[in-house]
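I have placed the structure first, in the form of structure tokens, so that the comments after it can refer back to it.
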Amino acid sequence: MPVNPELQGRQYPPTAPYLVGREKVREFARAVQATHPEHLDVEAARAAGHADVIAPPTFPIVIQELTLRQLLDDETAGVDFTRVVHGDQRFTAIRPIVAGDELTAQLTVTSVKSLGGNDMVTSESVITDAHGEHVVTATSTLVVRGEA
Amino acid sequence: MSEMAPLDGMPPMDSAHELGELEVGTVVTERDVTLTRDSLVRYAGASGDFNPIHYRDDVAAAVGLPGVLAHGMLTMGAAVQPVVDWAGPSRILDYQVRFTRPVVVDPETGAQLHVVATVGRVDEASARIDLTVTVDGKTVLGKAQVVVATGR
């Protein structure tokens with residue numbers, strides 16, 4: 001099934017709150033080989049003015065993934081997971097994510113294009129904290145390979 | 001000891017430190033990053049991305065890949081670390097990449113990323129740092145750009 005051409009502009013409901021745990025931040029930081037103390041050491045993070053350890057720049061993918069799952073699970077979208085390749089990724093931060101943040105994300109499909117037999121689906125997931133303040137926007141382009 | 005000491009004896013870096021006068025074309029930092037199969041398993045667990053092409057040779061082969069691949073998001077996440085260490089994590093405003101070439105991770109030797117971070121543009125309160133990320137001399141990330149705040 002091809003990508004639904006009317007997908008552009010579609011918005012999904014906000015995801016359930018995700019509580020960012022201190023050990024999750026450290027686990028993720030070690031996995032991306034982050035060594036900066038503000039990701040690992042609470043005292044260093046506090047000395048820099050943060051309430052707790054802060055997450056590496058690509059950590060928002062963990063929350064964004066919950067929204068991409070909504071898109072991939074939506075049968076009317078026609079984005080076939082088995083033919084999807086990650087094309088581009090971008091994070092635009094208002095502030096770093098801090099352990100203790102409770103975050104929700106809402107995805108909007110911003111563009112659907114066909115290029116060389118493939119469909120390119122670009123979506124923006126706006127991630128907000130428990131006060132409704134914008135923390136970071138995660139933007140992905142998924143390339144859906146054409147059926148051979 | 002309740003808190004972890006900084007790793008590898010890295011000096012604690014103050015996010016408020018001055019980045020100094022930046023000039024377009026200056027290399028601000030450079031690093032080799034090794035990704036092994038262990039790194040992929042660790043990233044799978046930390047990120048929740050358990051796609052088996054990132055840890056099973058048989059599955060990778062069955063879908064026509066040249067080998068087990070690093071998660072694109074692991075390559076992206078590791079490649080920015082030299083800039084995080086240089087600028088301080090609070091200064092990272094925007095980070096984007098295009099995944100242009102898969103990174104094959106050999107079961108014995110892994111894969112070595114070479115990251116070079118160069119000043120691409122200087123604005124009033126921020127600078128764009130361009131990353132060149134190569135494996136065996138071949139670029140694996142395109143348009144890899146980090147915008148860092150340069151004001152105090």
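Starting from 1 in every chain, residues are counted up; chains themselves are A, B, ... following the order of the structure tokens, and ligands are numbered from 1 as listed.
Near A:Leu68, within 12 Å and counting only C-alpha atoms, sit A:Gln11, A:Tyr12, A:Pro13, A:Pro14, A:Thr15, A:Ile61, A:Val62, A:Asp74, A:Ala77, A:Val79, A:Phe81, A:Val84, A:His86, A:Ala105, A:Gln106, A:Leu107, A:Thr108, A:Val109, A:Val121, A:Thr122, A:Ser123, A:Glu124, A:Ser125, A:Val126, A:Ala138, A:Thr139, A:Ser140, A:Thr141, A:Leu142; same-chain residues fewer than 6 positions away were not included.
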Contacts of A:Ile97 at 12 Å or less, counting only C-alpha atoms, minus same-chain residues fewer than 5 places along, as a ChimeraX atom specification?
/A:18-22,24-25,38-39,45,50-63,91-92,102-103,127-129,133-137 /B:89-90,92-93
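Proximity to stretch 122-125 of chain B at 8 Å, evaluated using only C-alpha atoms and with sequence-adjacent residues fewer than 2 positions away removed, yields Leu22, Glu23, Val24, Val119, Gly120, Ala127, Arg128, Ala149, Thr150 and Gly151 of chain B.
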Mind dumping the selected residues with N, CA and C atoms as an mmCIF file, in the first residue's frame?
```cif
data_model
loop_
_atom_site.group_PDB
_atom_site.id
_atom_site.type_symbol
_atom_site.label_atom_id
_atom_site.label_comp_id
_atom_site.auth_asym_id
_atom_site.auth_seq_id
_atom_site.Cartn_x
_atom_site.Cartn_y
_atom_site.Cartn_z
ATOM 1 N N LEU B 22 35.469 32.781 17.013
ATOM 2 C CA LEU B 22 35.417 31.667 16.074
ATOM 3 C C LEU B 22 35.567 32.190 14.654
ATOM 4 N N GLU B 23 36.330 31.465 13.877
ATOM 5 C CA GLU B 23 36.508 31.838 12.483
ATOM 6 C C GLU B 23 36.060 30.696 11.596
ATOM 7 N N VAL B 24 35.354 31.051 10.537
ATOM 8 C CA VAL B 24 34.888 30.032 9.591
ATOM 9 C C VAL B 24 36.094 29.254 9.056
ATOM 10 N N VAL B 119 34.121 25.103 12.032
ATOM 11 C CA VAL B 119 33.199 26.242 12.071
ATOM 12 C C VAL B 119 32.700 26.503 10.651
ATOM 13 N N GLY B 120 31.363 26.438 10.480
ATOM 14 C CA GLY B 120 30.792 26.623 9.151
ATOM 15 C C GLY B 120 30.216 28.008 8.939
ATOM 16 N N ALA B 127 26.878 29.875 16.449
ATOM 17 C CA ALA B 127 27.745 29.467 15.346
ATOM 18 C C ALA B 127 27.293 28.105 14.865
ATOM 19 N N ARG B 128 27.461 27.879 13.567
ATOM 20 C CA ARG B 128 27.150 26.565 13.016
ATOM 21 C C ARG B 128 28.450 25.781 12.885
ATOM 22 N N ALA B 149 25.189 27.923 20.869
ATOM 23 C CA ALA B 149 25.088 29.297 21.366
ATOM 24 C C ALA B 149 26.490 29.777 21.712
ATOM 25 N N THR B 150 26.817 30.991 21.322
ATOM 26 C CA THR B 150 28.164 31.485 21.596
ATOM 27 C C THR B 150 28.177 32.588 22.645
ATOM 28 N N GLY B 151 26.992 33.122 22.986
ATOM 29 C CA GLY B 151 26.935 34.170 24.007
ATOM 30 C C GLY B 151 27.145 33.575 25.386
#
```
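Near chain B, within 6 Å and using only C-alpha atoms, the residues of chain A are A:Glu27, A:Phe28, A:Ala31, A:Val32, A:Gln33, A:Ala34, A:His36, A:Pro37, A:Asp41, A:Thr58, A:Val62, A:Gly87, A:Asp88, A:Gln89, A:Arg90, A:Phe91, A:Thr92, A:Ala93.
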Residue neighbourhood A:Ser114, 10 Å, only C-alpha atoms, exclusion window fewer than 2 positions, as JSON, numbers by chain
{"A": [3, 5, 112, 116, 117, 118, 119, 120, 121, 143, 144, 146]}
As a compact mmCIF listing (two decimals) with N, CA and C atoms, in the first residue's frame, list the residues of stretch 33-82 of chain A assigned to alpha helix (DSSP H) by DSSP on the backbone atoms of this structure.
```
# COMPACT_ATOMS: atom_id res chain seq x y z
N PRO A 37 30.49 15.65 32.14
CA PRO A 37 29.95 15.37 33.48
C PRO A 37 28.50 15.80 33.70
N GLU A 38 28.03 16.81 32.96
CA GLU A 38 26.64 17.26 33.19
C GLU A 38 25.60 16.21 32.79
N HIS A 39 26.03 15.19 32.03
CA HIS A 39 25.13 14.09 31.68
C HIS A 39 25.14 12.99 32.74
N LEU A 40 26.18 12.97 33.57
CA LEU A 40 26.44 11.81 34.43
C LEU A 40 26.47 12.13 35.91
N VAL A 42 25.41 14.44 39.05
CA VAL A 42 24.37 15.38 39.50
C VAL A 42 24.99 16.68 40.01
N GLU A 43 26.10 16.56 40.73
CA GLU A 43 26.72 17.78 41.28
C GLU A 43 27.23 18.69 40.16
N ALA A 44 27.83 18.08 39.14
CA ALA A 44 28.32 18.88 38.01
C ALA A 44 27.15 19.56 37.29
N ALA A 45 26.04 18.83 37.15
CA ALA A 45 24.87 19.40 36.48
C ALA A 45 24.31 20.56 37.31
N ARG A 46 24.25 20.37 38.62
CA ARG A 46 23.72 21.44 39.49
C ARG A 46 24.62 22.65 39.48
N ALA A 47 25.94 22.39 39.46
CA ALA A 47 26.89 23.51 39.44
C ALA A 47 26.71 24.34 38.16
N ILE A 61 14.96 11.44 20.84
CA ILE A 61 14.50 10.36 19.96
C ILE A 61 13.68 9.34 20.75
N VAL A 62 14.00 9.15 22.03
CA VAL A 62 13.29 8.16 22.84
C VAL A 62 11.81 8.54 22.98
N ILE A 63 11.56 9.85 23.12
CA ILE A 63 10.17 10.32 23.26
C ILE A 63 9.53 10.46 21.87
N GLN A 64 10.33 10.93 20.92
CA GLN A 64 9.82 11.05 19.54
C GLN A 64 9.38 9.70 19.00
N GLU A 65 10.12 8.66 19.37
CA GLU A 65 9.82 7.31 18.90
C GLU A 65 8.36 6.91 19.22
N LEU A 66 7.87 7.39 20.37
CA LEU A 66 6.49 7.06 20.75
C LEU A 66 5.50 7.65 19.75
N THR A 67 5.87 8.81 19.17
CA THR A 67 4.98 9.44 18.18
C THR A 67 5.13 8.79 16.81
N LEU A 68 6.36 8.39 16.49
CA LEU A 68 6.58 7.72 15.19
C LEU A 68 5.84 6.39 15.17
N ARG A 69 5.75 5.77 16.36
CA ARG A 69 5.01 4.51 16.48
C ARG A 69 3.54 4.73 16.13
N GLN A 70 2.98 5.86 16.54
CA GLN A 70 1.58 6.18 16.20
C GLN A 70 1.40 6.25 14.68
N LEU A 71 2.38 6.89 14.03
CA LEU A 71 2.31 7.05 12.58
C LEU A 71 2.43 5.70 11.88
N LEU A 72 3.40 4.87 12.34
CA LEU A 72 3.63 3.58 11.68
C LEU A 72 2.49 2.60 11.95
N ASP A 73 1.84 2.75 13.10
CA ASP A 73 0.73 1.86 13.44
C ASP A 73 -0.59 2.27 12.78
```
Identify all residues of chain B in strand (DSSP E or B) (DSSP on the backbone) and supply them as a count of residues only.
54
